[in-house]
Structures are given as C-alpha cells and as structure tokens.
Amino acid sequence: MTDAWLALEPGADPVERARALRRAHETFTEAGTVRRPVRAVVADSWRRSVRAGVGPDGTASVELMDGDLGAYRAEHPLSRVMPLVRELLGTFAADGEHLLAVCDAHGRLLWVEGHPATRRRAGRMNFVPGARWSESAVGTNAPGTAVAVGRPVQVFAAEHFIRRVQPWTCAAAPVHDPRTGRVLGAVDITGGNGLAHPHSLGFVQAVARAAESQLALLTPERSASEAAELTALGRDEALLSADGRRVRLSRRHSEIVVLLAHHPEGLTGDELLCALYEDETVPPVTLRAELARLRGILGPGRLASRPYRLTMPVESDTSVVERRLRAGAVTAAAAAYAGPLLPGSQAPAVGRLRRRLADGLRAALIACGDPDLLADWAHAPWGEDDLDVWRALAAVRPTAATSSRLAALESELAAPNPW
C-alpha cells in the first residue's frame, strides 16, 4: 500500500482538501481537465467514469431485491466469510457511526450494515443492498473502484464522481478467490471524513486478507482427478491437462472441448453439429465418430451424452480472461491473453467466441488508455493492423514510430480496393 492510494496525507487539513477537490471536480466535469490535488488513481477513475457515460448528477440503481437478493447472497462465496467480516468490522462501524459494506465482483452491494442513522442517510443515495455501485454505474467510489483496479483504495469527499456522494468518505479492499486469484468482491467501510486516515485503509485491507485466509481454509483443494485445465488461446491445437497428464488435442477435438467447456450444461448433437460445421450437409455420423474418438482420449466417464457434456470441471485460459474482464482487472486480463482462441478454427461457434473475447479485451484496453498495455497489443501479431488500438496508442504515446505506423494504416484503409 503506497501513499498514492491514501485519500489524505497525514497532517493535511481535511476541510481545505475537500474545498480544493470540489474545485478540481468542477473543472473536470466542465472542461475535462484534471488539476491538483487530484491523485492519479482518482483521475484515472474519473476518466473511466466519463467513458462509461456516468454523469455527476447520477444515482445508483437497485438491481437485486427481496428474494432475488437473498438467493444470490446465499450462494455467493463471500457469504461464508460474512461472520468474520462482521466480527472484525462490525463494532468499528457501529461505534464510529460508519457502515460496513460488501459488494460482488460487479460492484453490486450484497450487505450494508452498521449505525441505523447512517444507514438511513446512505439509503437516500441508494447505498443499499442490491444496488449497483460499480464505476461504470456510479463513477468513482471505494468499493466500485477497488473492484475495478484490483487494489485497496480510499475515496475522500469530492473525489467521488457523483456529487450526491461527495459528503462521504470510504475505504475498500478487494477480496480474491484464494485458489484462482479472481476478484470475488470487496469489503468497504463508509462514513464521514474521519475515515480519511491511513489506518482506515490498512484496517479494511487487513479484513480483506483475513477473509481470503478463511476462504482458503474453507475451500478444499481440487485433486488432479477432479479438475482439468484447458489451454486454447494462441494455439490451433489445445492442451488439456487432467489426471496428471497433458494431452495435445486435434483441431476438431480442440473445438469440441472448447465449446463443451463453455457450455457446462451440455449441447445436443444438433447444436454441436451447427456449432462446428459451416457445411450443413455434414452428416451426424461424422460428429459421432469424432466424439467417440474424443471419449477414448479423455477416458471413461469424462464425456457424457444426451446432451453431450464434460463430466469434469474445466478451467480454461479463456474463462480466466473473461472473469478478469468482468471484474475490471484489465492488466491481469491482458496478461492472461496469449492470443486469439484457436486462431485457425473455422467452426462458427468458435469464431464467435474468439471475436467476442478479443473485442471485449481490446475495448477494455482502449477504454483503460494504459500506453504499455496498448503497445503490447499493437505490437502483437494479432494487433499489428488494429487501427483503433494504434489510434488510442498514438493519443497517449505519440512517438515517431507510433505516428508512422498509424499513418501507414490509415493510408492503407483509405486506398481503393483493386478488387
């Protein structure tokens, strides 16, 4: 935890700091210019908020109510550590007239507890269970921003993007799945300006780490016979690791396993036939022969039929990228992306998955505006002709080489097609 993630430096005057931030916020919302004393983490969050279409006079919407909320909370992994979170944060929140809140990886508040009067005030801005407080919904705020950046963060006064939230101060830290590393949600403490202290951020971070430790104790390790890993990004022939062995699948078997891993509920023979073959005249017997060969490779009991489905859990590199994108962890998603999904595959459904994953990641990179991430994509084989990414890179890193490559791409695009 560095000072850049703290809302208020030790010894700073919170009243004067709040005034300066209000002026900076107005400058940004009117002219799009960030001025001192706005921290980089907040400035980046403000820009993401604008790109997401959030306005400074917006409000949170409630997405989960009553039975839907109860059922979702009961099944969420963080429900298992709520007793610990209450034990560690509950008294602090009640005594300080603060609120403790826990959100999921999409920024939806699952629990909001604490001082009754503070809860009533928070309810007037829809800081209530079931409300969506992601950055893309309500702009900069501690739980939403912590989930977006995957780091603990404090948000003080007018650092909040929405004006009606600016009387508040909050500190939040993400909670990760101890086995997969994906973000499950965040633990948050919300209240007045008294929370703008390094101890508040350190405290909530310690609670998040304690929650992760308890999850590790409660989550049994999968044995090699129970889980399988599928590597299909940047490869025409996927690798499947299961039962302590690693198998290189043929192109067709790679496509089948990718599709079945994406549809754990299973696919009928007709659905799989349409997903794999552009030629509608391919007979079902051709697919059945491929499935019979695949069943022999996977081993007994691993490929069921009616519908066709994998009976073992499969963790694919594709799903890792998708989860990280949903959690807003763009850097981590880019690091896990080794290239297009089965790039040589002509299977219609695989092509749709490939485009959706690549388009989602490149859109996140452009929105993020990180020059290093954009450069990594632009200089990769799959991004060397990506005009939108090169334009985004030139905007944040206008080097001679970048400008030259962008000019060449735009010239190619403007040239008439001889065919």
# chains A, B, ... in the order shown; residues from 1 in each chain; ligands from 1
$ residues_around --residues "Asp370 in chain A" --least-positions-apart "6" --cutoff "10 Å" --atoms "only C-alpha atoms" --output "PyMOL selection string"
chain A and resi 44+330-331+392-393+396-397
$ select_by_dssp --residues "range 109-198 of chain A" --states "alpha helix (DSSP H)" --output "PyMOL selection string"
chain A and resi 116-123+135-138+142-149+198
$ write_last_selection --atoms "all heavy atoms" --output "CSV table (one decimal), in the first residue's frame"
chain,number,residue,atom,x,y,z
A,116,PRO,N,-27.7,2.7,12.6
A,116,PRO,CA,-29.0,2.9,11.9
A,116,PRO,C,-29.2,4.3,11.3
A,116,PRO,O,-29.7,4.3,10.1
A,116,PRO,CB,-30.0,2.7,13.1
A,116,PRO,CG,-29.3,1.8,14.1
A,116,PRO,CD,-27.8,2.3,14.0
A,117,ALA,N,-28.8,5.3,11.9
A,117,ALA,CA,-29.0,6.7,11.4
A,117,ALA,C,-28.1,6.8,10.1
A,117,ALA,O,-28.5,7.4,9.1
A,117,ALA,CB,-28.6,7.7,12.4
A,118,THR,N,-26.9,6.3,10.1
A,118,THR,CA,-26.0,6.3,9.0
A,118,THR,C,-26.6,5.5,7.8
A,118,THR,O,-26.6,5.9,6.6
A,118,THR,CB,-24.6,5.8,9.3
A,118,THR,OG1,-24.1,6.5,10.5
A,118,THR,CG2,-23.7,6.1,8.2
A,119,ARG,N,-27.2,4.4,8.1
A,119,ARG,CA,-27.9,3.6,7.1
A,119,ARG,C,-29.0,4.4,6.4
A,119,ARG,O,-29.2,4.3,5.2
A,119,ARG,CB,-28.4,2.3,7.7
A,119,ARG,CG,-27.3,1.3,8.0
A,119,ARG,CD,-27.9,-0.1,8.3
A,119,ARG,NE,-28.5,-0.7,7.2
A,119,ARG,CZ,-29.2,-1.8,7.2
A,119,ARG,NH1,-29.3,-2.5,8.3
A,119,ARG,NH2,-29.8,-2.3,6.1
A,120,ARG,N,-29.8,5.1,7.3
A,120,ARG,CA,-30.9,5.8,6.7
A,120,ARG,C,-30.4,6.9,5.7
A,120,ARG,O,-30.9,7.2,4.7
A,120,ARG,CB,-31.8,6.4,7.8
A,120,ARG,CG,-32.6,5.4,8.5
A,120,ARG,CD,-33.7,6.1,9.4
A,120,ARG,NE,-33.0,6.8,10.5
A,120,ARG,CZ,-32.7,6.3,11.7
A,120,ARG,NH1,-33.0,5.0,11.9
A,120,ARG,NH2,-32.2,7.1,12.7
A,121,ARG,N,-29.3,7.6,6.2
A,121,ARG,CA,-28.8,8.7,5.3
A,121,ARG,C,-28.2,8.1,4.0
A,121,ARG,O,-28.4,8.6,2.9
A,121,ARG,CB,-27.6,9.4,6.0
A,121,ARG,CG,-28.1,10.4,7.1
A,121,ARG,CD,-27.1,11.4,7.4
A,121,ARG,NE,-25.8,10.8,7.9
A,121,ARG,CZ,-24.6,11.0,7.3
A,121,ARG,NH1,-24.5,11.7,6.2
A,121,ARG,NH2,-23.5,10.4,7.8
A,122,ALA,N,-27.5,6.9,4.1
A,122,ALA,CA,-27.0,6.3,3.0
A,122,ALA,C,-28.1,5.8,2.0
A,122,ALA,O,-27.9,5.7,0.8
A,122,ALA,CB,-26.1,5.1,3.4
A,123,GLY,N,-29.2,5.4,2.6
A,123,GLY,CA,-30.3,4.9,1.8
A,123,GLY,C,-30.8,5.9,0.9
A,123,GLY,O,-31.4,5.6,-0.2
A,135,GLU,N,-18.0,1.3,-10.9
A,135,GLU,CA,-17.6,2.6,-11.6
A,135,GLU,C,-18.4,2.9,-12.8
A,135,GLU,O,-18.8,4.0,-13.1
A,135,GLU,CB,-16.1,2.5,-12.0
A,135,GLU,CG,-15.1,2.9,-10.9
A,135,GLU,CD,-13.7,3.1,-11.5
A,135,GLU,OE1,-13.5,2.7,-12.7
A,135,GLU,OE2,-12.9,3.6,-10.8
A,136,SER,N,-18.7,1.8,-13.6
A,136,SER,CA,-19.4,2.1,-14.8
A,136,SER,C,-20.9,2.5,-14.5
A,136,SER,O,-21.6,3.0,-15.5
A,136,SER,CB,-19.4,0.8,-15.7
A,136,SER,OG,-20.1,-0.3,-15.0
A,137,ALA,N,-21.4,2.3,-13.3
A,137,ALA,CA,-22.7,2.7,-13.0
A,137,ALA,C,-22.8,4.1,-12.2
A,137,ALA,O,-23.6,4.9,-12.5
A,137,ALA,CB,-23.4,1.6,-12.1
A,138,VAL,N,-21.9,4.3,-11.2
A,138,VAL,CA,-22.0,5.5,-10.4
A,138,VAL,C,-20.6,6.2,-10.3
A,138,VAL,O,-20.5,7.1,-9.5
A,138,VAL,CB,-22.5,5.2,-9.0
A,138,VAL,CG1,-24.0,4.8,-9.1
A,138,VAL,CG2,-21.7,4.1,-8.3
A,142,ALA,N,-15.3,3.9,-3.5
A,142,ALA,CA,-14.3,2.9,-3.0
A,142,ALA,C,-14.6,1.5,-3.4
A,142,ALA,O,-13.7,0.8,-3.9
A,142,ALA,CB,-14.1,3.1,-1.5
A,143,PRO,N,-15.8,1.0,-3.1
A,143,PRO,CA,-16.0,-0.5,-3.5
A,143,PRO,C,-15.9,-0.7,-5.0
A,143,PRO,O,-15.3,-1.6,-5.4
A,143,PRO,CB,-17.4,-0.8,-2.9
A,143,PRO,CG,-18.0,0.5,-2.6
A,143,PRO,CD,-16.9,1.5,-2.3
A,144,GLY,N,-16.5,0.2,-5.8
A,144,GLY,CA,-16.5,0.1,-7.2
A,144,GLY,C,-15.1,0.2,-7.8
A,144,GLY,O,-14.7,-0.5,-8.7
A,145,THR,N,-14.4,1.2,-7.3
A,145,THR,CA,-13.0,1.4,-7.8
A,145,THR,C,-12.1,0.3,-7.4
A,145,THR,O,-11.2,-0.1,-8.1
A,145,THR,CB,-12.5,2.8,-7.4
A,145,THR,OG1,-13.4,3.8,-7.9
A,145,THR,CG2,-11.1,3.1,-7.9
A,146,ALA,N,-12.2,-0.2,-6.1
A,146,ALA,CA,-11.3,-1.3,-5.7
A,146,ALA,C,-11.5,-2.5,-6.5
A,146,ALA,O,-10.5,-3.2,-6.8
A,146,ALA,CB,-11.7,-1.6,-4.2
A,147,VAL,N,-12.8,-2.8,-6.9
A,147,VAL,CA,-13.0,-3.9,-7.8
A,147,VAL,C,-12.4,-3.7,-9.2
A,147,VAL,O,-11.9,-4.6,-9.8
A,147,VAL,CB,-14.5,-4.2,-7.9
A,147,VAL,CG1,-14.9,-5.1,-9.0
A,147,VAL,CG2,-15.0,-4.8,-6.6
A,148,ALA,N,-12.5,-2.4,-9.7
A,148,ALA,CA,-12.1,-2.1,-11.0
A,148,ALA,C,-10.5,-2.2,-11.1
A,148,ALA,O,-10.0,-2.7,-12.1
A,148,ALA,CB,-12.5,-0.7,-11.4
A,149,VAL,N,-9.8,-1.7,-10.1
A,149,VAL,CA,-8.4,-1.7,-10.2
A,149,VAL,C,-7.7,-2.9,-9.5
A,149,VAL,O,-6.5,-3.1,-9.6
A,149,VAL,CB,-7.8,-0.4,-9.6
A,149,VAL,CG1,-8.3,0.8,-10.4
A,149,VAL,CG2,-8.1,-0.2,-8.1
A,198,PRO,N,-4.8,6.8,7.1
A,198,PRO,CA,-4.2,5.6,6.7
A,198,PRO,C,-4.6,4.4,7.4
A,198,PRO,O,-4.7,3.3,6.9
A,198,PRO,CB,-2.7,5.9,7.0
A,198,PRO,CG,-2.6,7.4,6.9
A,198,PRO,CD,-3.9,7.9,7.5
$ closest_residue --among "A:Gly191, A:Gly130, A:Gly107, A:Pro178" --to "Asp68 in chain A" --atoms "only C-alpha atoms"
A:Gly130
$ select_by_dssp --residues "range 180-355 of chain A" --states "strand (DSSP E)" --output "VMD selection string"
chain A and resid 183 to 191 228 to 231 239 to 242 245 to 248 303 to 304 309 to 310 314 to 316
$ write_last_selection --atoms "C-alpha atoms" --output "PDB file, in the first residue's frame"
ATOM      1  CA  VAL A 183     -11.790 -10.982  -7.613  1.00  0.00           C
ATOM      2  CA  LEU A 184     -14.882 -12.094  -5.694  1.00  0.00           C
ATOM      3  CA  GLY A 185     -15.854  -8.634  -4.475  1.00  0.00           C
ATOM      4  CA  ALA A 186     -14.711  -6.033  -1.980  1.00  0.00           C
ATOM      5  CA  VAL A 187     -15.003  -5.141   1.697  1.00  0.00           C
ATOM      6  CA  ASP A 188     -15.818  -1.482   2.347  1.00  0.00           C
ATOM      7  CA  ILE A 189     -16.122   0.921   5.267  1.00  0.00           C
ATOM      8  CA  THR A 190     -18.163   4.077   4.583  1.00  0.00           C
ATOM      9  CA  GLY A 191     -18.789   7.131   6.753  1.00  0.00           C
ATOM     10  CA  ALA A 228      -8.879 -30.244 -15.815  1.00  0.00           C
ATOM     11  CA  GLU A 229      -7.095 -27.269 -17.346  1.00  0.00           C
ATOM     12  CA  LEU A 230      -7.602 -26.233 -20.946  1.00  0.00           C
ATOM     13  CA  THR A 231      -5.139 -24.016 -22.818  1.00  0.00           C
ATOM     14  CA  LEU A 239      -3.688 -28.631 -24.482  1.00  0.00           C
ATOM     15  CA  LEU A 240      -5.788 -30.473 -21.907  1.00  0.00           C
ATOM     16  CA  SER A 241      -4.274 -31.285 -18.515  1.00  0.00           C
ATOM     17  CA  ALA A 242      -6.141 -33.866 -16.434  1.00  0.00           C
ATOM     18  CA  ARG A 245      -1.225 -35.991 -17.783  1.00  0.00           C
ATOM     19  CA  ARG A 246      -1.154 -33.454 -20.580  1.00  0.00           C
ATOM     20  CA  VAL A 247      -2.736 -34.190 -23.962  1.00  0.00           C
ATOM     21  CA  ARG A 248      -2.482 -32.238 -27.209  1.00  0.00           C
ATOM     22  CA  LEU A 303     -17.763 -37.299 -21.844  1.00  0.00           C
ATOM     23  CA  ALA A 304     -21.465 -37.857 -21.334  1.00  0.00           C
ATOM     24  CA  ARG A 309     -21.198 -32.607 -21.819  1.00  0.00           C
ATOM     25  CA  LEU A 310     -17.960 -32.859 -19.882  1.00  0.00           C
ATOM     26  CA  VAL A 314     -12.656 -27.467 -16.694  1.00  0.00           C
ATOM     27  CA  GLU A 315     -10.716 -24.282 -16.018  1.00  0.00           C
ATOM     28  CA  SER A 316      -9.813 -22.722 -19.378  1.00  0.00           C
TER      29      SER A 316
END
$ residues_around --residues "range 61-66 of chain A" --least-positions-apart "5" --cutoff "8 Å" --atoms "only C-alpha atoms" --output "list in words"
Arg108, Asn126, Val128, Pro129, Gly130, Ala131 and Arg132 of chain A
$ closest_residue --among "A:Pro381, A:Gly299, A:Gly328, A:Gly114" --to "Asp243 in chain A" --atoms "only C-alpha atoms"
A:Gly299
$ closest_residue --among "A:Val41, A:Ala196, A:Gly244, A:Arg182" --to "Ala336 in chain A" --atoms "only C-alpha atoms"
A:Arg182
$ closest_residue --among "A:Pro371, A:Pro174, A:Pro340, A:Pro283" --to "Arg356 in chain A" --atoms "only C-alpha atoms"
A:Pro340
$ atom_distance --atom1 "CA of Arg324 in chain A" --atom2 "CA of Leu357 in chain A"
11.5 Å
$ atom_distance --atom1 "CA of Asp57 in chain A" --atom2 "CA of Phe156 in chain A"
17.5 Å
$ residues_around --residues "Leu21 in chain A" --least-positions-apart "5" --cutoff "12 Å" --atoms "only C-alpha atoms" --output "number ranges by chain"
A: 7-8, 14-16, 26-28, 34-39, 42-43, 155-161, 163, 166-167
$ closest_residue --among "A:Arg48, A:Arg235, A:His253, A:Arg391" --to "Arg295 in chain A" --atoms "only C-alpha atoms"
A:His253
$ residues_around --residues "Gly96 in chain A" --least-positions-apart "2" --cutoff "9 Å" --atoms "only C-alpha atoms" --output "mmCIF file with all heavy atoms, in the first residue's frame"
data_model
loop_
_atom_site.group_PDB
_atom_site.id
_atom_site.type_symbol
_atom_site.label_atom_id
_atom_site.label_comp_id
_atom_site.auth_asym_id
_atom_site.auth_seq_id
_atom_site.Cartn_x
_atom_site.Cartn_y
_atom_site.Cartn_z
ATOM 1 N N THR A 91 -18.135 -3.824 15.070
ATOM 2 C CA THR A 91 -18.038 -2.911 16.212
ATOM 3 C C THR A 91 -17.442 -1.571 15.807
ATOM 4 O O THR A 91 -17.901 -0.506 16.228
ATOM 5 C CB THR A 91 -17.196 -3.553 17.331
ATOM 6 O OG1 THR A 91 -17.784 -4.792 17.710
ATOM 7 C CG2 THR A 91 -17.120 -2.638 18.538
ATOM 8 N N PHE A 92 -16.422 -1.604 14.958
ATOM 9 C CA PHE A 92 -15.796 -0.374 14.464
ATOM 10 C C PHE A 92 -16.819 0.491 13.738
ATOM 11 O O PHE A 92 -16.881 1.716 13.929
ATOM 12 C CB PHE A 92 -14.643 -0.734 13.531
ATOM 13 C CG PHE A 92 -13.985 0.436 12.866
ATOM 14 C CD1 PHE A 92 -13.102 1.245 13.556
ATOM 15 C CD2 PHE A 92 -14.257 0.735 11.540
ATOM 16 C CE1 PHE A 92 -12.491 2.335 12.941
ATOM 17 C CE2 PHE A 92 -13.653 1.811 10.908
ATOM 18 C CZ PHE A 92 -12.768 2.620 11.615
ATOM 19 N N ALA A 93 -17.652 -0.155 12.906
ATOM 20 C CA ALA A 93 -18.649 0.594 12.149
ATOM 21 C C ALA A 93 -19.716 1.168 13.069
ATOM 22 O O ALA A 93 -20.104 2.336 12.942
ATOM 23 C CB ALA A 93 -19.286 -0.305 11.096
ATOM 24 N N ALA A 94 -20.195 0.356 14.006
ATOM 25 C CA ALA A 94 -21.263 0.821 14.902
ATOM 26 C C ALA A 94 -20.775 1.940 15.815
ATOM 27 O O ALA A 94 -21.451 2.965 15.978
ATOM 28 C CB ALA A 94 -21.796 -0.353 15.717
ATOM 29 N N HIS A 98 -20.310 4.428 11.327
ATOM 30 C CA HIS A 98 -19.961 4.121 9.944
ATOM 31 C C HIS A 98 -20.827 2.961 9.457
ATOM 32 O O HIS A 98 -21.661 2.424 10.184
ATOM 33 C CB HIS A 98 -18.492 3.713 9.829
ATOM 34 C CG HIS A 98 -17.542 4.686 10.438
ATOM 35 N ND1 HIS A 98 -17.623 6.039 10.230
ATOM 36 C CD2 HIS A 98 -16.461 4.483 11.258
ATOM 37 C CE1 HIS A 98 -16.648 6.648 10.876
ATOM 38 N NE2 HIS A 98 -15.940 5.728 11.514
ATOM 39 N N LEU A 99 -20.588 2.564 8.207
ATOM 40 C CA LEU A 99 -21.235 1.401 7.625
ATOM 41 C C LEU A 99 -20.167 0.426 7.134
ATOM 42 O O LEU A 99 -19.138 0.840 6.605
ATOM 43 C CB LEU A 99 -22.118 1.791 6.429
ATOM 44 C CG LEU A 99 -23.270 2.753 6.696
ATOM 45 C CD1 LEU A 99 -23.980 3.093 5.389
ATOM 46 C CD2 LEU A 99 -24.251 2.162 7.700
ATOM 47 N N HIS A 115 -24.437 1.583 11.738
ATOM 48 C CA HIS A 115 -25.224 2.510 12.544
ATOM 49 C C HIS A 115 -26.559 2.825 11.852
ATOM 50 O O HIS A 115 -26.582 3.210 10.678
ATOM 51 C CB HIS A 115 -24.418 3.791 12.766
ATOM 52 C CG HIS A 115 -24.977 4.665 13.833
ATOM 53 N ND1 HIS A 115 -25.961 5.591 13.577
ATOM 54 C CD2 HIS A 115 -24.697 4.752 15.159
ATOM 55 C CE1 HIS A 115 -26.253 6.226 14.691
ATOM 56 N NE2 HIS A 115 -25.503 5.725 15.666
ATOM 57 N N GLY A 191 -18.330 6.230 5.703
ATOM 58 C CA GLY A 191 -18.789 7.131 6.753
ATOM 59 C C GLY A 191 -18.386 8.555 6.462
ATOM 60 O O GLY A 191 -18.406 9.001 5.313
ATOM 61 N N GLY A 194 -13.769 11.402 8.996
ATOM 62 C CA GLY A 194 -12.855 10.779 9.937
ATOM 63 C C GLY A 194 -12.226 9.506 9.401
ATOM 64 O O GLY A 194 -11.196 9.048 9.915
#
$ residues_around --residues "Leu409 in chain A" --least-positions-apart "2" --cutoff "12 Å" --atoms "only C-alpha atoms" --output "NGL selection string"
:A and (378 or 383-391 or 402-407 or 411-415)
$ atom_distance --atom1 "CA of His25 in chain A" --atom2 "CA of Leu110 in chain A"
29.2 Å
$ closest_atom_pairs --of "range 161-208 of chain A" --to "range 82-85 of chain A" --cutoff "10 Å" --atoms "only C-alpha atoms" --output "JSON lines"
{"residue": "A:Val187", "atom": "CA", "partner": "A:Val85", "partner_atom": "CA", "distance": 8.2}
{"residue": "A:Val204", "atom": "CA", "partner": "A:Val85", "partner_atom": "CA", "distance": 9.6}
{"residue": "A:Val207", "atom": "CA", "partner": "A:Val85", "partner_atom": "CA", "distance": 6.7}
{"residue": "A:Ala208", "atom": "CA", "partner": "A:Val85", "partner_atom": "CA", "distance": 8.2}
